[in-house]
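Printed here is target-v3.cif (mmCIF, C-alpha atoms):
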data_my_file
loop_
_atom_site.label_atom_id
_atom_site.label_comp_id
_atom_site.auth_asym_id
_atom_site.auth_seq_id
_atom_site.Cartn_x
_atom_site.Cartn_y
_atom_site.Cartn_z
CA MET P 1 121.76 200.44 228.78
CA PRO P 2 120.77 198.76 225.48
CA ASN P 3 117.78 196.49 225.44
CA GLU P 4 119.16 192.94 225.31
CA THR P 5 115.90 191.58 223.91
CA ASN P 6 116.47 193.59 220.70
CA ALA P 7 120.06 192.37 220.19
CA LEU P 8 120.71 190.36 217.05
CA PRO P 9 121.40 186.66 217.73
CA PRO P 10 124.91 185.46 216.83
CA LEU P 11 125.30 183.84 213.42
CA VAL P 12 126.05 180.13 213.81
CA ASN P 13 128.62 178.53 211.49
CA HIS P 14 127.91 174.86 210.71
CA VAL P 15 131.04 172.93 209.65
CA PHE P 16 130.64 169.51 207.93
CA VAL P 17 133.85 167.52 207.39
CA ASP P 18 134.12 164.77 204.77
CA PHE P 19 136.61 162.60 206.70
CA GLU P 20 136.93 160.16 203.81
CA ASN P 21 138.36 163.06 201.82
CA ILE P 22 139.97 165.28 204.49
CA HIS P 23 142.05 163.63 207.25
CA GLU P 24 143.81 166.67 208.76
CA ILE P 25 141.45 168.36 211.21
CA ASP P 26 142.13 171.79 212.71
CA LEU P 27 141.34 171.08 216.36
CA ALA P 28 141.05 174.82 217.08
CA VAL P 29 137.79 174.88 215.12
CA ILE P 30 136.11 172.45 217.52
CA GLY P 31 134.61 174.30 220.44
CA THR P 32 134.89 177.71 218.78
CA LYS P 33 132.12 180.10 219.80
CA THR P 34 129.03 179.89 217.57
CA VAL P 35 130.41 176.91 215.59
CA HIS P 36 128.61 173.57 215.29
CA PHE P 37 131.02 170.84 214.12
CA THR P 38 129.91 167.65 212.31
CA LEU P 39 132.45 164.92 211.44
CA LEU P 40 131.33 162.26 208.94
CA LEU P 41 133.28 159.00 208.72
CA GLY P 42 133.03 156.17 206.20
CA SER P 43 132.19 152.62 207.25
CA ARG P 44 135.83 151.53 206.90
CA GLN P 45 137.24 154.35 209.06
CA THR P 46 137.66 152.75 212.49
CA LYS P 47 140.53 154.78 214.01
CA LEU P 48 140.72 158.40 215.17
CA ASP P 49 143.58 160.37 216.68
CA VAL P 50 143.40 160.50 220.49
CA ALA P 51 143.72 164.31 220.55
CA LEU P 52 140.78 164.58 218.14
CA VAL P 53 138.64 162.22 220.23
CA GLU P 54 139.41 164.18 223.41
CA LYS P 55 138.43 167.42 221.69
CA LEU P 56 135.17 165.90 220.42
CA LEU P 57 134.25 164.60 223.87
CA HIS P 58 135.12 167.87 225.60
CA HIS P 59 132.78 169.83 223.30
CA ALA P 60 130.06 167.21 222.87
CA ALA P 61 127.30 169.84 223.06
CA THR P 62 128.39 171.42 219.76
CA VAL P 63 129.83 168.34 218.02
CA GLU P 64 128.13 165.58 216.05
CA LEU P 65 130.00 162.42 215.03
CA ILE P 66 128.37 160.42 212.23
CA ARG P 67 129.79 157.07 211.05
CA LEU P 68 128.26 155.21 208.14
CA THR P 69 127.38 151.58 208.82
CA SER P 70 127.43 150.47 205.18
CA ALA P 71 129.63 151.27 202.19
CA GLY P 72 128.56 152.40 198.73
CA LYS P 73 129.56 154.73 195.91
CA ASN P 74 129.17 158.34 197.07
CA ALA P 75 127.41 157.09 200.19
CA LEU P 76 129.07 159.61 202.49
CA ASP P 77 128.32 162.45 200.03
CA PHE P 78 124.61 161.70 200.16
CA ILE P 79 124.58 161.43 203.95
CA LEU P 80 126.52 164.68 204.35
CA SER P 81 124.08 166.46 202.02
CA TYR P 82 121.20 165.20 204.15
CA TYR P 83 122.68 166.64 207.35
CA VAL P 84 123.46 169.96 205.65
CA GLY P 85 119.86 170.21 204.46
CA ARG P 86 118.50 169.32 207.88
CA ALA P 87 120.65 172.00 209.52
CA ALA P 88 119.63 174.59 206.90
CA VAL P 89 115.96 173.98 207.69
CA ALA P 90 116.60 174.31 211.43
CA ASP P 91 118.81 177.42 211.08
CA PRO P 92 118.12 179.20 207.76
CA THR P 93 120.10 182.28 208.86
CA GLY P 94 123.26 180.28 209.61
CA CYS P 95 126.38 179.83 207.49
CA PHE P 96 127.19 176.33 206.18
CA HIS P 97 130.71 175.08 205.39
CA ILE P 98 131.59 171.77 203.71
CA VAL P 99 135.26 170.82 204.14
CA SER P 100 136.06 168.45 201.27
CA ARG P 101 138.17 168.34 198.11
CA ASP P 102 135.23 166.70 196.31
CA ALA P 103 133.87 169.21 193.76
CA GLY P 104 130.70 167.11 193.56
CA PHE P 105 129.35 169.19 196.44
CA ASP P 106 129.44 172.39 194.35
CA PRO P 107 125.92 171.93 192.84
CA LEU P 108 124.59 171.65 196.41
CA ILE P 109 126.42 174.87 197.36
CA GLU P 110 125.01 176.65 194.30
CA HIS P 111 121.47 175.47 195.07
CA LEU P 112 121.66 176.63 198.69
CA ARG P 113 122.88 180.06 197.59
CA SER P 114 120.01 180.33 195.13
CA LYS P 115 117.77 180.01 198.19
CA HIS P 116 119.68 182.85 199.90
CA ILE P 117 121.43 180.46 202.28
CA ARG P 118 125.10 181.16 203.07
CA ALA P 119 127.08 178.11 201.93
CA HIS P 120 130.70 177.45 200.96
CA ARG P 121 133.00 174.52 200.17
CA HIS P 122 136.60 174.52 201.42
CA GLU P 123 139.34 172.15 200.26
CA GLY P 124 140.94 172.29 203.69
CA PHE P 125 140.89 174.08 207.01
CA THR P 126 143.46 176.67 205.87
CA THR P 127 140.81 178.45 203.77
CA LEU P 128 138.01 178.10 206.33
CA THR P 129 136.80 181.48 207.59
CA PHE P 130 133.74 182.13 209.67
CA SER P 131 130.94 184.63 209.09
CA THR P 132 129.87 186.95 211.88
CA ALA P 133 126.44 188.40 212.57
CA VAL P 134 125.33 190.74 209.76
CA LYS P 135 122.93 193.54 210.47
CA PRO P 136 119.88 193.47 208.20
CA LEU P 137 119.25 196.38 205.87
CA VAL P 138 117.02 198.91 207.58
CA SER P 139 115.03 201.38 205.54
CA ALA P 140 115.11 204.99 206.67
CA PRO P 141 111.94 205.87 208.60
CA LEU P 142 109.45 208.09 206.83
CA PRO P 143 109.11 211.59 208.31
CA ALA P 144 106.08 212.12 210.47
CA ALA P 145 103.27 214.07 208.85
CA PRO P 146 102.83 217.58 210.30
CA ALA P 147 99.98 217.97 212.76
CA VAL P 148 96.89 219.59 211.27
CA LYS P 149 94.29 221.24 213.42
CA PRO P 150 90.88 220.43 211.86
CA LEU P 151 88.28 223.11 211.39
CA ALA P 152 85.20 222.74 213.54
CA SER P 153 82.82 223.00 210.55
CA ALA P 154 84.87 221.05 208.01
CA ARG P 155 85.63 217.35 207.75
CA LEU P 156 89.15 216.74 206.53
CA PRO P 157 89.67 213.86 204.09
CA ALA P 158 91.71 210.92 205.33
CA ALA P 159 95.43 211.16 204.59
CA PRO P 160 96.46 208.93 201.67
CA ALA P 161 98.30 205.74 202.62
CA VAL P 162 102.07 205.90 202.17
CA LYS P 163 103.68 202.81 200.75
CA SER P 164 106.82 201.64 202.51
CA PRO P 165 109.98 201.41 200.33
CA PRO P 166 111.59 198.04 201.23
CA LYS P 167 110.56 196.30 197.97
CA ALA P 168 111.86 199.14 195.80
CA GLN P 169 115.05 199.29 197.85
CA ALA P 170 115.62 195.54 197.45
CA SER P 171 115.20 195.85 193.66
CA HIS P 172 117.70 198.71 193.64
CA MET P 173 120.20 196.64 195.63
CA GLU P 174 119.78 193.66 193.27
CA ALA P 175 120.52 195.91 190.28
CA LEU P 176 123.67 197.22 191.98
CA GLU P 177 124.61 193.65 192.93
CA THR P 178 124.65 192.60 189.24
CA ARG P 179 126.86 195.55 188.24
CA VAL P 180 129.34 195.07 191.07
CA LEU P 181 129.67 191.29 190.67
CA GLN P 182 130.37 191.59 186.93
CA HIS P 183 133.22 193.96 187.68
CA LEU P 184 134.62 192.03 190.68
CA ARG P 185 134.76 188.76 188.73
CA LYS P 186 137.04 190.45 186.19
CA ARG P 187 139.39 191.77 188.89
CA THR P 188 140.61 188.38 190.13
CA THR P 189 143.97 189.75 191.35
CA THR P 190 143.03 193.29 192.38
CA ARG P 191 139.88 192.90 194.42
CA PRO P 192 139.61 195.03 197.59
CA GLY P 193 141.16 193.08 200.43
CA ASN P 194 139.22 194.52 203.34
CA LYS P 195 135.88 196.13 204.12
CA ARG P 196 137.19 199.72 204.13
CA LYS P 197 138.75 199.33 200.67
CA LEU P 198 135.61 197.61 199.37
CA VAL P 199 133.44 200.55 200.49
CA SER P 200 135.81 203.01 198.73
CA TYR P 201 135.79 200.84 195.61
CA LEU P 202 131.97 200.79 195.51
CA ILE P 203 131.76 204.59 195.86
CA THR P 204 134.25 205.02 192.99
CA HIS P 205 132.77 202.32 190.75
CA LEU P 206 129.13 203.32 191.21
CA GLY P 207 129.72 207.05 190.91
CA ASN P 208 130.42 209.92 193.27
CA GLN P 209 126.69 210.32 193.99
CA THR P 210 126.84 207.05 195.98
CA THR P 211 127.17 207.84 199.69
CA GLU P 212 129.24 205.88 202.20
CA ALA P 213 126.04 204.77 203.97
CA GLU P 214 124.67 203.36 200.69
CA ALA P 215 127.97 201.58 200.00
CA LEU P 216 127.90 200.01 203.48
CA GLN P 217 124.32 198.83 202.88
CA LEU P 218 125.43 197.23 199.61
CA VAL P 219 128.34 195.49 201.37
CA ASP P 220 125.89 193.99 203.88
CA PHE P 221 123.54 192.97 201.05
CA LEU P 222 126.33 191.21 199.10
CA GLY P 223 127.59 189.49 202.24
CA GLN P 224 124.14 188.17 203.14
CA ALA P 225 123.86 186.78 199.60
CA GLY P 226 127.02 184.72 200.21
CA HIS P 227 129.30 186.46 197.69
CA PHE P 228 132.01 186.98 200.30
CA VAL P 229 132.77 186.65 204.00
CA ILE P 230 134.29 189.42 206.14
CA ASN P 231 136.11 188.22 209.27
CA GLU P 232 136.47 190.05 212.58
CA GLU P 233 139.56 191.91 211.29
CA GLY P 234 137.64 193.18 208.27
CA LEU P 235 139.51 190.96 205.77
CA ILE P 236 137.46 189.60 202.87
CA THR P 237 137.29 186.07 201.41
CA TYR P 238 135.44 186.09 198.07
CA TYR P 239 133.17 183.33 196.72
CA LEU P 240 132.44 184.52 193.18
CA GLU P 241 133.78 182.00 190.65
CA GLN P 242 131.42 179.13 191.48
CA GLU P 243 128.20 181.11 191.12
#

Would you mind giving the structure from this file in structure tokens?
Amino acid sequence: MPNETNALPPLVNHVFVDFENIHEIDLAVIGTKTVHFTLLLGSRQTKLDVALVEKLLHHAATVELIRLTSAGKNALDFILSYYVGRAAVADPTGCFHIVSRDAGFDPLIEHLRSKHIRAHRHEGFTTLTFSTAVKPLVSAPLPAAPAVKPLASARLPAAPAVKSPPKAQASHMEALETRVLQHLRKRTTTRPGNKRKLVSYLITHLGNQTTEAEALQLVDFLGQAGHFVINEEGLITYYLEQE
């Protein structure tokens, strides 16, 4: 039986809705497993659909309703940015979604990604997809040194320290990331549509010496950097143009 204490925690998706900008809410999102839903209303928005209110009340543990008490230019944008930042501090490994047609949020998205925080803006619920838990890259363990039986009359020198490779591996992945992103941004209509095709594409594009295991590591690396999201069916949604 696997050790439950070593299991990776589920990745939480934080959804922030600009209700001044988006009025059609997908009720199926509220109450979804590992989703925290925040609805922000302007000071002049005094009415909500009964079905929406019932859904909010039923899932109060994972829902936050915020209504501004005063009006002002871009007031809701500033308040929404505050709550996104607060959530990012509390859950830096989560994925943050802003549902709004306001492109003014894009600099915030870009800044969060520069800090290696998963963040996306959606112009509606039809393009909203959720990230799932991503396994961190794990370096291959170094082989154990062979046992040496010391001579009774000789003192063996201490074995030299072996440096672990994570830093070098990360630099290698960042170099591959630059090459792959340059090519993917050019292929706006022919990008791989699922994880299996993306792995095959990486092996072909990076050369036959690239193994499937290395390609899978690179897929995880690119996903953690927020360049795309792979859903439970393996389908990919790319986020490349705004970076």

Min atom-atom distance to Glu64 in chain P from the set P:Leu218, P:Leu39, P:Leu112, P:Val229, counting all atoms listed in the file, belongs to P:Leu39

Computed gap from CA of His97 in chain P to CA of Ile117 in chain P is 11.2 Å

Do you know which residues the PyMOL selection byres ((chain P and resi 61) around 12) returns on this file, as a VMD selection string? chain P and resid 30 to 38 55 to 60 62 to 65

Hey, can you spit out that residue selection with C-alpha atoms as a short mmCIF file (atom, residue, chain, number, x, y, z; two decimals), in the frame of the given file?
data_model
loop_
_atom_site.label_atom_id
_atom_site.label_comp_id
_atom_site.auth_asym_id
_atom_site.auth_seq_id
_atom_site.Cartn_x
_atom_site.Cartn_y
_atom_site.Cartn_z
CA ILE P 30 136.11 172.45 217.52
CA GLY P 31 134.61 174.30 220.44
CA THR P 32 134.89 177.71 218.78
CA LYS P 33 132.12 180.10 219.80
CA THR P 34 129.03 179.89 217.57
CA VAL P 35 130.41 176.91 215.59
CA HIS P 36 128.61 173.57 215.29
CA PHE P 37 131.02 170.84 214.12
CA THR P 38 129.91 167.65 212.31
CA LYS P 55 138.43 167.42 221.69
CA LEU P 56 135.17 165.90 220.42
CA LEU P 57 134.25 164.60 223.87
CA HIS P 58 135.12 167.87 225.60
CA HIS P 59 132.78 169.83 223.30
CA ALA P 60 130.06 167.21 222.87
CA THR P 62 128.39 171.42 219.76
CA VAL P 63 129.83 168.34 218.02
CA GLU P 64 128.13 165.58 216.05
CA LEU P 65 130.00 162.42 215.03
#

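Going from CA of His172 in chain P to CA of His205 in chain P covers 15.8 Å.
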
**Request:** Can you work out the spacing between CA of Arg196 in chain P and CA of Ser131 in chain P in Å, to one decimal?
**Result:**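 Going from CA of Arg196 in chain P over to CA of Ser131 in chain P, I get 17.1 Å.
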
Practice problem: Run the PyMOL selection byres ((chain P and resi 45) around 10) mentally over the shown coordinates, then write out the matched residues as a VMD selection string, using the chain letters and numbers from the document. | Solution: chain P and resid 19 to 20 40 to 44 46 to 48 67 to 68
